$ cat protein27.txt   # compact mmCIF, C-alpha atoms and all ligand atoms
# COMPACT_ATOMS: atom_id res chain seq x y z
CA MET A 158 -215.67 -97.34 49.62
CA ARG A 159 -216.96 -99.50 52.40
CA ASN A 160 -220.39 -97.98 51.81
CA ILE A 161 -220.27 -98.80 48.11
CA LEU A 162 -219.22 -102.36 48.87
CA TYR A 163 -221.99 -102.68 51.40
CA ASP A 164 -224.45 -101.27 48.90
CA PHE A 165 -223.31 -103.81 46.30
CA ARG A 166 -223.62 -106.74 48.68
CA SER A 167 -226.95 -105.80 50.16
CA ARG A 168 -228.72 -104.49 47.09
CA LEU A 169 -227.10 -105.69 43.90
CA CYS A 170 -226.22 -109.21 45.01
CA PRO A 171 -229.83 -110.23 45.57
CA VAL A 172 -230.77 -108.74 42.17
CA PHE A 173 -227.90 -110.57 40.49
CA GLY A 174 -228.94 -113.75 42.32
CA ILE A 175 -232.48 -113.47 40.99
CA PHE A 176 -231.19 -113.06 37.41
CA LEU A 177 -228.88 -116.05 37.85
CA LEU A 178 -231.73 -118.16 39.17
CA ALA A 179 -234.04 -117.08 36.37
CA PHE A 180 -231.31 -118.01 33.85
CA ILE A 181 -230.86 -121.47 35.39
CA TRP A 182 -234.62 -122.04 35.31
CA VAL A 183 -234.89 -121.55 31.58
CA LEU A 184 -231.76 -123.50 30.60
CA PRO A 185 -232.75 -125.97 27.88
CA GLY A 186 -233.27 -129.46 29.21
CA HIS A 187 -233.13 -128.40 32.83
CA GLN A 188 -234.72 -131.27 34.69
CA THR A 189 -235.83 -129.68 37.94
CA PHE A 190 -238.77 -128.09 36.27
CA GLY A 191 -239.01 -130.61 33.47
CA LEU A 192 -239.49 -128.15 30.65
CA THR A 193 -237.89 -125.46 28.60
CA ILE A 194 -239.24 -122.12 27.46
CA GLN A 195 -239.89 -123.48 23.95
CA SER A 196 -243.42 -123.59 22.60
CA THR A 197 -245.43 -126.79 22.74
CA GLU A 198 -245.03 -127.14 18.97
CA SER A 199 -241.22 -126.89 18.85
CA LEU A 200 -240.83 -129.36 21.68
CA GLN A 201 -243.11 -131.71 19.76
CA GLN A 202 -241.09 -131.32 16.56
CA GLU A 203 -237.85 -132.02 18.42
CA SER A 204 -239.26 -135.24 19.79
CA GLY A 205 -239.98 -136.37 16.21
CA GLU A 206 -243.63 -136.96 17.03
CA SER A 207 -246.41 -135.69 14.84
CA ALA A 208 -249.27 -136.84 17.06
CA PRO A 209 -249.60 -134.96 20.34
CA SER A 210 -249.79 -138.07 22.47
CA SER A 211 -249.20 -141.76 22.38
CA PRO A 212 -252.07 -144.03 23.36
CA ASP A 213 -252.26 -144.84 27.02
CA GLN A 214 -251.39 -148.51 27.45
CA SER A 215 -251.20 -148.52 31.20
CA VAL A 216 -253.02 -151.41 32.79
CA TRP A 217 -253.14 -152.65 36.35
CA LEU A 218 -250.95 -155.68 36.87
CA ASP A 219 -250.89 -158.50 39.37
CA ILE A 220 -247.76 -159.40 41.32
CA ASP A 221 -246.42 -161.47 38.39
CA GLY A 222 -246.83 -158.57 35.99
CA LYS A 223 -249.92 -160.05 34.30
CA PRO A 224 -252.93 -157.74 33.64
CA LEU A 225 -255.66 -157.99 36.27
CA PRO A 226 -258.97 -159.36 34.95
CA PHE A 227 -260.53 -155.91 35.44
CA GLN A 228 -259.17 -152.43 34.92
CA THR A 229 -261.60 -149.71 35.99
CA ASP A 230 -260.65 -147.60 38.98
CA GLN A 231 -263.86 -148.66 40.67
CA GLU A 232 -262.96 -152.34 40.39
CA ILE A 233 -259.41 -151.73 41.57
CA ARG A 234 -260.71 -149.76 44.56
CA GLU A 235 -263.17 -152.52 45.36
CA LEU A 236 -260.30 -155.00 45.44
CA LEU A 237 -258.23 -152.69 47.65
CA GLN A 238 -261.15 -152.41 50.03
CA THR A 239 -262.05 -156.08 50.28
CA ALA A 240 -259.02 -158.25 49.53
CA ARG A 241 -257.31 -160.20 52.30
CA VAL A 242 -253.98 -158.87 53.53
CA VAL A 243 -251.49 -161.70 53.05
CA SER A 244 -248.35 -159.88 54.16
CA MET A 245 -246.80 -156.47 54.71
CA GLN A 246 -243.23 -155.39 54.21
CA LYS A 247 -241.29 -152.22 54.93
CA ILE A 248 -240.43 -150.01 51.98
CA PRO A 249 -236.75 -149.21 52.43
CA VAL A 250 -237.02 -145.56 51.29
CA GLY A 251 -238.97 -142.55 52.51
CA VAL A 252 -239.51 -140.94 55.87
CA THR A 253 -243.13 -141.76 56.65
CA HIS A 254 -242.56 -145.55 56.46
CA PRO A 255 -245.32 -146.72 54.17
CA LYS A 256 -245.65 -150.51 53.76
CA LYS A 257 -245.85 -152.65 50.65
CA VAL A 258 -248.85 -154.92 51.09
CA LEU A 259 -249.64 -158.20 49.35
CA LEU A 260 -253.39 -158.59 48.78
CA GLU A 261 -255.32 -161.65 47.71
CA LYS A 262 -258.90 -162.19 46.59
CA ASP A 263 -260.46 -164.97 44.50
CA GLY A 264 -257.05 -166.13 43.34
CA ILE A 265 -256.02 -162.59 42.33
CA ARG A 266 -252.88 -161.23 43.96
CA MET A 267 -251.88 -157.60 43.81
CA HIS A 268 -249.58 -155.20 45.63
CA ALA A 269 -250.61 -151.98 47.33
CA THR A 270 -249.10 -149.22 49.49
CA PHE A 271 -250.40 -148.79 53.01
CA ARG A 272 -249.80 -145.38 54.59
CA ASP A 273 -250.88 -144.48 58.10
CA VAL A 274 -248.97 -141.27 58.80
CA LYS A 275 -250.96 -138.76 60.85
CA ILE A 276 -249.04 -135.76 62.17
CA ASN A 277 -250.73 -132.54 63.18
CA LYS A 278 -248.47 -129.88 64.73
CA ARG A 279 -248.68 -126.15 65.29
CA ARG A 280 -244.91 -125.95 64.81
CA ILE A 281 -242.50 -128.60 63.59
CA LYS A 282 -238.83 -128.77 62.63
CA LEU A 283 -238.46 -131.15 59.70
CA ALA A 284 -235.49 -133.43 59.07
CA SER A 285 -234.41 -130.92 56.40
CA GLY A 286 -234.08 -128.29 59.17
CA LYS A 287 -237.05 -126.29 57.87
CA VAL A 288 -239.55 -125.08 60.42
CA LYS A 289 -243.22 -125.38 59.44
CA PHE A 290 -246.32 -124.00 61.12
CA ASN A 291 -249.78 -125.61 61.21
CA PHE A 292 -248.19 -128.68 59.69
CA ARG A 293 -250.22 -131.71 58.69
CA ASP A 294 -248.67 -134.85 57.26
CA ASP A 295 -251.68 -137.08 56.81
CA CYS A 296 -252.35 -140.19 54.76
CA ILE A 297 -255.97 -139.06 54.28
CA PHE A 298 -254.65 -136.48 51.80
CA GLU A 299 -254.01 -139.39 49.43
CA CYS A 300 -257.78 -139.79 49.05
CA ALA A 301 -258.28 -136.04 48.59
CA ALA A 302 -255.54 -135.94 45.92
CA TYR A 303 -257.12 -138.87 44.09
CA VAL A 304 -260.60 -137.28 44.07
CA LEU A 305 -259.32 -133.87 43.01
CA ALA A 306 -257.27 -135.40 40.20
CA GLN A 307 -260.41 -137.15 38.98
CA LEU A 308 -262.32 -133.87 39.08
CA LEU A 309 -259.64 -132.39 36.81
CA GLY A 310 -259.93 -135.35 34.43
CA LEU A 311 -256.51 -136.71 35.45
CA ASP A 312 -255.95 -140.45 35.73
CA ASN A 313 -252.39 -140.46 37.03
CA VAL A 314 -252.95 -140.69 40.76
CA PRO A 315 -253.26 -144.42 41.55
CA PRO A 316 -256.65 -145.50 42.95
CA VAL A 317 -256.75 -145.36 46.72
CA VAL A 318 -259.17 -146.22 49.56
CA GLU A 319 -259.34 -145.74 53.30
CA ARG A 320 -258.68 -148.98 55.14
CA LYS A 321 -257.89 -150.23 58.61
CA ILE A 322 -255.10 -152.82 58.69
CA LYS A 323 -253.81 -154.47 61.86
CA GLY A 324 -255.80 -151.99 63.94
CA LYS A 325 -254.29 -148.95 62.18
CA LYS A 326 -256.41 -146.57 60.15
CA GLY A 327 -254.77 -145.56 56.91
CA THR A 328 -254.98 -145.54 53.14
CA LEU A 329 -254.32 -148.34 50.69
CA GLN A 330 -253.22 -147.43 47.19
CA ALA A 331 -252.73 -149.58 44.08
CA TRP A 332 -249.06 -150.38 43.46
CA VAL A 333 -247.72 -149.31 40.07
CA GLU A 334 -245.90 -152.45 38.88
CA ASN A 335 -243.31 -152.31 36.11
CA SER A 336 -242.29 -148.78 36.98
CA MET A 337 -239.21 -146.79 37.89
CA LEU A 338 -238.76 -143.74 40.03
CA GLU A 339 -237.89 -140.40 38.50
CA THR A 340 -234.86 -140.59 40.82
CA GLU A 341 -233.54 -143.60 38.87
CA ARG A 342 -234.35 -142.04 35.51
CA GLN A 343 -232.34 -138.95 36.32
CA LYS A 344 -229.50 -140.87 37.96
CA ASN A 345 -229.14 -143.19 34.95
CA LYS A 346 -229.77 -140.36 32.50
CA VAL A 347 -232.59 -142.23 30.77
CA GLU A 348 -234.31 -140.05 28.17
CA ALA A 349 -238.04 -140.33 27.61
CA PRO A 350 -238.84 -141.78 24.17
CA ASN A 351 -241.14 -138.81 23.55
CA LYS A 352 -239.64 -135.76 25.24
CA TRP A 353 -242.58 -133.56 24.36
CA ARG A 354 -245.07 -135.88 26.02
CA TRP A 355 -242.83 -136.30 29.06
CA SER A 356 -242.41 -132.53 29.53
CA MET A 357 -246.13 -131.98 29.16
CA GLN A 358 -246.87 -134.64 31.77
CA TYR A 359 -244.55 -132.68 34.06
CA GLN A 360 -246.59 -129.59 33.28
CA VAL A 361 -249.82 -131.35 34.29
CA MET A 362 -248.13 -132.26 37.56
CA ARG A 363 -246.96 -128.67 38.18
CA LEU A 364 -250.49 -127.36 37.83
CA PHE A 365 -251.82 -130.06 40.14
CA ASP A 366 -249.12 -129.45 42.76
CA ASN A 367 -249.84 -125.74 42.81
CA LEU A 368 -253.55 -126.43 43.23
CA ILE A 369 -253.01 -128.79 46.17
CA TYR A 370 -250.03 -126.84 47.55
CA ASN A 371 -247.69 -129.80 47.41
CA GLU A 372 -244.16 -128.81 48.37
CA ASP A 373 -243.02 -132.41 48.56
CA ARG A 374 -242.83 -133.39 44.89
CA ASN A 375 -239.32 -134.77 44.99
CA GLN A 376 -238.10 -137.30 42.42
CA GLY A 377 -239.04 -140.13 44.78
CA ASN A 378 -242.67 -139.09 44.47
CA ILE A 379 -242.83 -139.46 40.70
CA LEU A 380 -243.20 -142.91 39.15
CA ILE A 381 -242.81 -143.77 35.49
CA GLY A 382 -244.80 -146.60 33.94
CA LEU A 383 -242.25 -148.46 31.84
CA SER A 384 -244.68 -149.69 29.19
CA ASP A 385 -246.03 -146.29 28.23
CA TRP A 386 -243.98 -143.65 30.07
CA LYS A 387 -246.98 -142.51 31.99
CA LEU A 388 -246.07 -140.17 34.84
CA TRP A 389 -247.71 -141.32 38.07
CA MET A 390 -248.04 -138.87 40.94
CA ILE A 391 -247.63 -140.50 44.36
CA ASP A 392 -247.20 -139.40 47.98
CA HIS A 393 -249.48 -136.46 48.70
CA THR A 394 -249.44 -136.72 52.49
CA ARG A 395 -247.91 -133.24 52.86
CA SER A 396 -250.26 -131.40 50.53
CA PHE A 397 -253.38 -129.32 51.05
CA ARG A 398 -251.75 -126.58 53.11
CA THR A 399 -254.09 -123.71 53.93
CA TYR A 400 -252.11 -121.03 52.10
CA ASP A 401 -254.07 -118.93 49.62
CA ASP A 402 -251.03 -118.28 47.44
CA LEU A 403 -249.59 -120.55 44.77
CA PHE A 404 -246.32 -122.02 45.87
CA ASN A 405 -244.52 -122.05 42.54
CA PRO A 406 -246.60 -120.78 39.59
CA THR A 407 -243.56 -119.94 37.44
CA THR A 408 -243.08 -123.67 36.84
CA ILE A 409 -246.34 -123.66 34.88
CA ARG A 410 -245.73 -122.66 31.26
CA PHE A 411 -248.10 -124.95 29.36
CA VAL A 412 -251.53 -126.24 30.33
CA GLU A 413 -253.44 -129.33 29.29
CA ARG A 414 -256.69 -128.28 27.59
CA ASN A 415 -259.08 -130.67 29.30
CA SER A 416 -257.78 -130.02 32.82
CA TRP A 417 -257.81 -126.26 32.10
CA GLU A 418 -261.53 -126.46 31.34
CA LYS A 419 -262.19 -128.63 34.38
CA LEU A 420 -260.12 -126.32 36.60
CA GLN A 421 -262.29 -123.35 35.62
CA GLU A 422 -265.46 -125.34 36.24
CA LEU A 423 -264.52 -126.44 39.80
CA ASP A 424 -267.10 -125.06 42.19
CA GLN A 425 -267.36 -124.85 45.95
CA LYS A 426 -270.37 -127.16 46.20
CA THR A 427 -268.73 -130.01 44.29
CA LEU A 428 -265.49 -129.64 46.22
CA GLU A 429 -267.33 -129.65 49.52
CA VAL A 430 -269.38 -132.73 48.67
CA ARG A 431 -266.45 -134.71 47.25
CA LEU A 432 -263.69 -133.62 49.61
CA LYS A 433 -265.45 -133.17 52.94
CA PRO A 434 -264.75 -136.77 54.01
CA PHE A 435 -261.03 -136.03 53.77
CA LEU A 436 -260.37 -132.32 54.23
CA ARG A 437 -261.17 -129.58 56.71
CA SER A 438 -263.29 -126.73 55.51
CA ARG A 439 -260.37 -124.26 55.50
CA GLU A 440 -258.35 -126.68 53.38
CA ILE A 441 -261.17 -126.79 50.82
CA LYS A 442 -261.50 -122.99 50.84
CA ALA A 443 -257.76 -122.67 50.22
CA ILE A 444 -258.04 -124.91 47.13
CA LEU A 445 -260.65 -122.54 45.69
CA LYS A 446 -258.51 -119.47 46.40
CA ARG A 447 -255.53 -121.11 44.71
CA ARG A 448 -257.74 -122.21 41.82
CA ASP A 449 -258.71 -118.57 41.22
CA LYS A 450 -255.03 -117.58 41.22
CA LEU A 451 -254.14 -120.42 38.87
CA VAL A 452 -256.88 -119.38 36.45
CA GLU A 453 -255.55 -115.81 36.56
CA HIS A 454 -251.98 -117.03 35.96
CA VAL A 455 -252.95 -119.22 32.99
CA GLN A 456 -255.23 -116.57 31.50
CA THR A 457 -252.41 -114.04 31.63
CA MET A 458 -250.14 -116.48 29.74
CA ILE A 459 -252.87 -117.06 27.15
CA ASP A 460 -253.42 -113.31 26.70
CA LYS A 461 -249.68 -112.77 26.22
CA ARG A 462 -248.69 -115.76 24.10
CA GLY A 463 -251.95 -116.91 22.55
CA GLU A 464 -253.95 -120.05 23.28
CA GLY A 465 -252.01 -122.20 20.77
CA LYS A 466 -248.73 -121.54 22.55
CA VAL A 467 -250.06 -122.33 26.00
CA LEU A 468 -252.68 -125.05 25.76
CA PHE A 469 -251.93 -128.58 24.61
CA THR A 470 -253.86 -131.82 24.34
CA LEU A 471 -252.58 -134.87 26.16
CA TYR A 472 -255.59 -136.97 27.00
N1 LIG B 501 -248.34 -146.80 44.49
C1 LIG B 501 -247.04 -147.10 44.42
N2 LIG B 501 -246.58 -147.85 43.40
C2 LIG B 501 -245.25 -148.17 43.32
N3 LIG B 501 -244.34 -147.76 44.21
C3 LIG B 501 -244.75 -147.00 45.25
C4 LIG B 501 -246.11 -146.63 45.41
N4 LIG B 501 -246.22 -145.91 46.54
C5 LIG B 501 -244.99 -145.83 47.06
N5 LIG B 501 -244.09 -146.48 46.30
C6 LIG B 501 -242.64 -146.61 46.55
O1 LIG B 501 -242.40 -146.37 47.93
C7 LIG B 501 -241.57 -145.23 48.10
C8 LIG B 501 -241.96 -144.49 49.37
O2 LIG B 501 -243.31 -144.09 49.30
P1 LIG B 501 -243.74 -142.63 49.74
O3 LIG B 501 -243.10 -141.64 48.82
O4 LIG B 501 -245.19 -142.56 49.86
O5 LIG B 501 -243.06 -142.57 51.17
P2 LIG B 501 -242.56 -141.36 52.04
O6 LIG B 501 -241.95 -141.91 53.26
O7 LIG B 501 -243.70 -140.46 52.29
O8 LIG B 501 -241.50 -140.67 51.15
P3 LIG B 501 -240.86 -139.21 51.30
O9 LIG B 501 -239.43 -139.51 51.51
O10 LIG B 501 -241.15 -138.62 49.97
O11 LIG B 501 -241.55 -138.50 52.42
C9 LIG B 501 -241.72 -144.43 46.81
O12 LIG B 501 -240.60 -143.62 46.56
C10 LIG B 501 -241.87 -145.55 45.79
O13 LIG B 501 -240.61 -146.09 45.45
MG MG B 502 -242.17 -139.99 49.07

$ encode --input "protein27.txt" --output "structure tokens" --more "lines below"
Ligand SMILES: Nc1ncnc2c1ncn2[C@@H]1O[C@H](COP(=O)(O)OP(=O)(O)OP(=O)(O)O)[C@@H](O)[C@H]1O
Ligand SMILES: [Mg+2]
Amino acid sequence: MRNILYDFRSRLCPVFGIFLLAFIWVLPGHQTFGLTIQSTESLQQESGESAPSSPDQSVWLDIDGKPLPFQTDQEIRELLQTARVVSMQKIPVGVTHPKKVLLEKDGIRMHATFRDVKINKRRIKLASGKVKFNFRDDCIFECAAYVLAQLLGLDNVPPVVERKIKGKKGTLQAWVENSMLETERQKNKVEAPNKWRWSMQYQVMRLFDNLIYNEDRNQGNILIGLSDWKLWMIDHTRSFRTYDDLFNPTTIRFVERNSWEKLQELDQKTLEVRLKPFLRSREIKAILKRRDKLVEHVQTMIDKRGEGKVLFTLY
């Protein structure tokens, strides 16, 4: 009897646990993964939307919420690089203590986030109790994440530059005004006006996070633009681990067409040229290995379910 009980605990319990977890994952409306197992079409019908996406109205705003006189990423980055730092204040959340910076140039005032975290440890015990090896928490990854997002045709990582402020080397990123955190949305149970679009933006983020091996995508690292419900991805300082494997591919069920094409086109030369200023060579190689695995994962879904049930158009 004792043997049978032991057998149940040691063998069947884990199996039962896996089934239970799998069941929780696919529960309709489950927010952790931001999607259900429905097809792209049925989600779209439920949201009452006939068009796949709503136009992107996001614009960069000054500190009073008025649109800046320019909007291209290049112009925003130029301002981040050259504007005078008027003041800096602590952001009361987070563990790496980024600062909210007030910038001023030619009468224009805008906010930005300054991050200067730089931790490089062979072994570290995090506040969560987890032990990590070859751990890097580095603000420079913000620049790498921005460039890689651009290479995938994504415009939802805020523009960022390297900058030295008060003698500290770090990164300065455009502040997304008129936004709320995903934390607040979930706490206040605010539903997206277009659930289909919201879920698909989550899907774009899942693909990106697997590519950059970002284990730190908590709700405090997702911002929502209030004017257009654009999902902004922030805080990538703990990404770009050197693991070859994908960290959570099962969260990817649908794939944005344009980024799918761009993902397949990514080549070593381009990555090396664009990312070398920010990443080590083994970090770049790991991106390519994970890219290959992502392509395999998506292709398998397409072969099983058909392109129309996997790919969607968002941009
Ligand atoms: N570009 C931005 N636009 C608007 N708000 C931002 C921006 N960057 C950071 N924030 C705000 O600052 C908070 C802390 O920033 P960030 O997530 O980078 O810090 P952190 O200490 O690394 O956090 P974590 O606890 O995730 O490690 C965010 O949750 C968000 O509220
Ligand atoms: Mg954070």

$ closest_residue --input "protein27.txt" --among "A:Leu329, A:Leu368, A:Leu403, A:Leu445" --to "ligand LIG 501 (chain B)" --atoms "only C-alpha atoms and all ligand atoms"
A:Leu329

$ closest_atom_pairs --input "protein27.txt" --of "chain A" --to "ligand MG 502 (chain B)" --cutoff "8 Å" --atoms "only C-alpha atoms and all ligand atoms" --output "CSV"
residue,atom,partner,partner_atom,distance
A:Val250,CA,B:MG502,MG,7.9
A:Gly251,CA,B:MG502,MG,5.4
A:Val252,CA,B:MG502,MG,7.4
A:Thr253,CA,B:MG502,MG,7.8
A:Asp373,CA,B:MG502,MG,7.6
A:Arg374,CA,B:MG502,MG,7.8
A:Asn375,CA,B:MG502,MG,7.2
A:Gly377,CA,B:MG502,MG,5.3
A:Asn378,CA,B:MG502,MG,4.7
A:Ile391,CA,B:MG502,MG,7.2
A:Asp392,CA,B:MG502,MG,5.2

$ closest_residue --input "protein27.txt" --among "A:Arg439, A:Arg398, A:His393, A:Arg280" --to "ligand LIG 501 (chain B)" --atoms "all atoms listed in the file"
A:His393

$ closest_residue --input "protein27.txt" --among "A:Asp263, A:Glu334, A:Glu299, A:Asp402" --to "ligand LIG 501 (chain B)" --atoms "all atoms listed in the file"
A:Glu334

$ residues_around --input "protein27.txt" --residues "A:Met458" --least-positions-apart "5" --cutoff "8 Å" --atoms "all atoms listed in the file" --output "MDAnalysis selection string"
chainID A and resid 410 463 467

$ write_last_selection --input "protein27.txt" --atoms "C-alpha atoms" --output "compact mmCIF listing (two decimals), keeping the file's coordinate frame"
# COMPACT_ATOMS: atom_id res chain seq x y z
CA ARG A 410 -245.73 -122.66 31.26
CA GLY A 463 -251.95 -116.91 22.55
CA VAL A 467 -250.06 -122.33 26.00

$ closest_residue --input "protein27.txt" --among "A:Arg342, A:Lys426, A:Lys257, A:Arg431" --to "ligand LIG 501 (chain B)" --atoms "all atoms listed in the file"
A:Lys257

$ residues_near_ligand --input "protein27.txt" --ligand "ligand LIG 501 (chain B)" --cutoff "10 Å" --atoms "all atoms listed in the file" --output "VMD selection string"
chain A and resid 247 to 257 268 to 272 274 294 to 296 299 314 to 317 329 to 341 373 to 382 389 to 395

$ atom_distance --input "protein27.txt" --atom1 "atom CA of A:Met362" --atom2 "atom CA of A:Ala443"
18.6 Å

$ atom_distance --input "protein27.txt" --atom1 "atom CA of A:Tyr359" --atom2 "atom CA of A:Val216"
20.6 Å

$ atom_distance --input "protein27.txt" --atom1 "atom CA of A:Ser384" --atom2 "atom CA of A:Phe365"
23.6 Å

$ residues_around --input "protein27.txt" --residues "A:Gln238" --least-positions-apart "2" --cutoff "8 Å" --atoms "all atoms listed in the file" --output "PyMOL selection string"
chain A and resi 234-236+240+318-320+329

$ residues_around --input "protein27.txt" --residues "A:Ser438" --least-positions-apart "3" --cutoff "12 Å" --atoms "all atoms listed in the file" --output "MDAnalysis selection string"
chainID A and resid 397:399 425:426 428:435 441:445

$ axis_aligned_box --input "protein27.txt" --around "stretch 304-323 of chain A" --padding-each-side "3 Å" --output "JSON"
{"center_x": -257.4, "center_y": -143.4, "center_z": 48.1, "size_x": 15.9, "size_y": 28.1, "size_z": 33.4}

$ closest_residue --input "protein27.txt" --among "A:Ala284, A:Asn367, A:Leu309, A:Asp273" --to "A:Lys325" --atoms "all atoms listed in the file"
A:Asp273

$ closest_residue --input "protein27.txt" --among "A:Lys352, A:Thr407, A:Val361, A:Gly310" --to "A:Glu422" --atoms "all atoms listed in the file"
A:Gly310

$ decode --input "protein27.txt" --residues "stretch 271-310 of chain A" --atoms "C-alpha atoms" --output "PDB file, in the first residue's frame"
ATOM      1  CA  PHE A 271      17.126  57.278 -17.037  1.00  0.00           C
ATOM      2  CA  ARG A 272      18.437  53.810 -16.197  1.00  0.00           C
ATOM      3  CA  ASP A 273      22.001  53.120 -15.129  1.00  0.00           C
ATOM      4  CA  VAL A 274      21.812  49.585 -13.729  1.00  0.00           C
ATOM      5  CA  LYS A 275      24.896  47.504 -14.518  1.00  0.00           C
ATOM      6  CA  ILE A 276      25.189  44.176 -12.707  1.00  0.00           C
ATOM      7  CA  ASN A 277      27.342  41.345 -13.981  1.00  0.00           C
ATOM      8  CA  LYS A 278      27.577  38.284 -11.722  1.00  0.00           C
ATOM      9  CA  ARG A 279      28.562  34.663 -12.170  1.00  0.00           C
ATOM     10  CA  ARG A 280      26.018  33.721  -9.500  1.00  0.00           C
ATOM     11  CA  ILE A 281      23.344  35.852  -7.879  1.00  0.00           C
ATOM     12  CA  LYS A 282      20.427  35.295  -5.506  1.00  0.00           C
ATOM     13  CA  LEU A 283      17.587  37.580  -6.547  1.00  0.00           C
ATOM     14  CA  ALA A 284      15.104  39.234  -4.187  1.00  0.00           C
ATOM     15  CA  SER A 285      12.603  36.575  -5.321  1.00  0.00           C
ATOM     16  CA  GLY A 286      14.938  33.916  -3.860  1.00  0.00           C
ATOM     17  CA  LYS A 287      15.821  32.552  -7.304  1.00  0.00           C
ATOM     18  CA  VAL A 288      19.461  31.836  -7.984  1.00  0.00           C
ATOM     19  CA  LYS A 289      20.762  32.868 -11.421  1.00  0.00           C
ATOM     20  CA  PHE A 290      24.065  32.116 -13.106  1.00  0.00           C
ATOM     21  CA  ASN A 291      25.958  34.373 -15.526  1.00  0.00           C
ATOM     22  CA  PHE A 292      23.479  37.081 -14.660  1.00  0.00           C
ATOM     23  CA  ARG A 293      23.506  40.463 -16.359  1.00  0.00           C
ATOM     24  CA  ASP A 294      21.103  43.245 -15.452  1.00  0.00           C
ATOM     25  CA  ASP A 295      22.237  46.030 -17.739  1.00  0.00           C
ATOM     26  CA  CYS A 296      20.626  49.229 -18.964  1.00  0.00           C
ATOM     27  CA  ILE A 297      22.446  48.835 -22.296  1.00  0.00           C
ATOM     28  CA  PHE A 298      19.968  46.065 -23.141  1.00  0.00           C
ATOM     29  CA  GLU A 299      17.356  48.813 -23.543  1.00  0.00           C
ATOM     30  CA  CYS A 300      19.191  49.954 -26.683  1.00  0.00           C
ATOM     31  CA  ALA A 301      19.521  46.381 -27.969  1.00  0.00           C
ATOM     32  CA  ALA A 302      15.796  45.754 -27.392  1.00  0.00           C
ATOM     33  CA  TYR A 303      14.898  48.953 -29.241  1.00  0.00           C
ATOM     34  CA  VAL A 304      17.070  48.082 -32.266  1.00  0.00           C
ATOM     35  CA  LEU A 305      15.856  44.494 -32.433  1.00  0.00           C
ATOM     36  CA  ALA A 306      12.228  45.615 -32.213  1.00  0.00           C
ATOM     37  CA  GLN A 307      12.863  47.962 -35.131  1.00  0.00           C
ATOM     38  CA  LEU A 308      14.410  45.119 -37.128  1.00  0.00           C
ATOM     39  CA  LEU A 309      11.190  43.156 -36.582  1.00  0.00           C
ATOM     40  CA  GLY A 310       9.108  46.133 -37.726  1.00  0.00           C
TER      41      GLY A 310
END
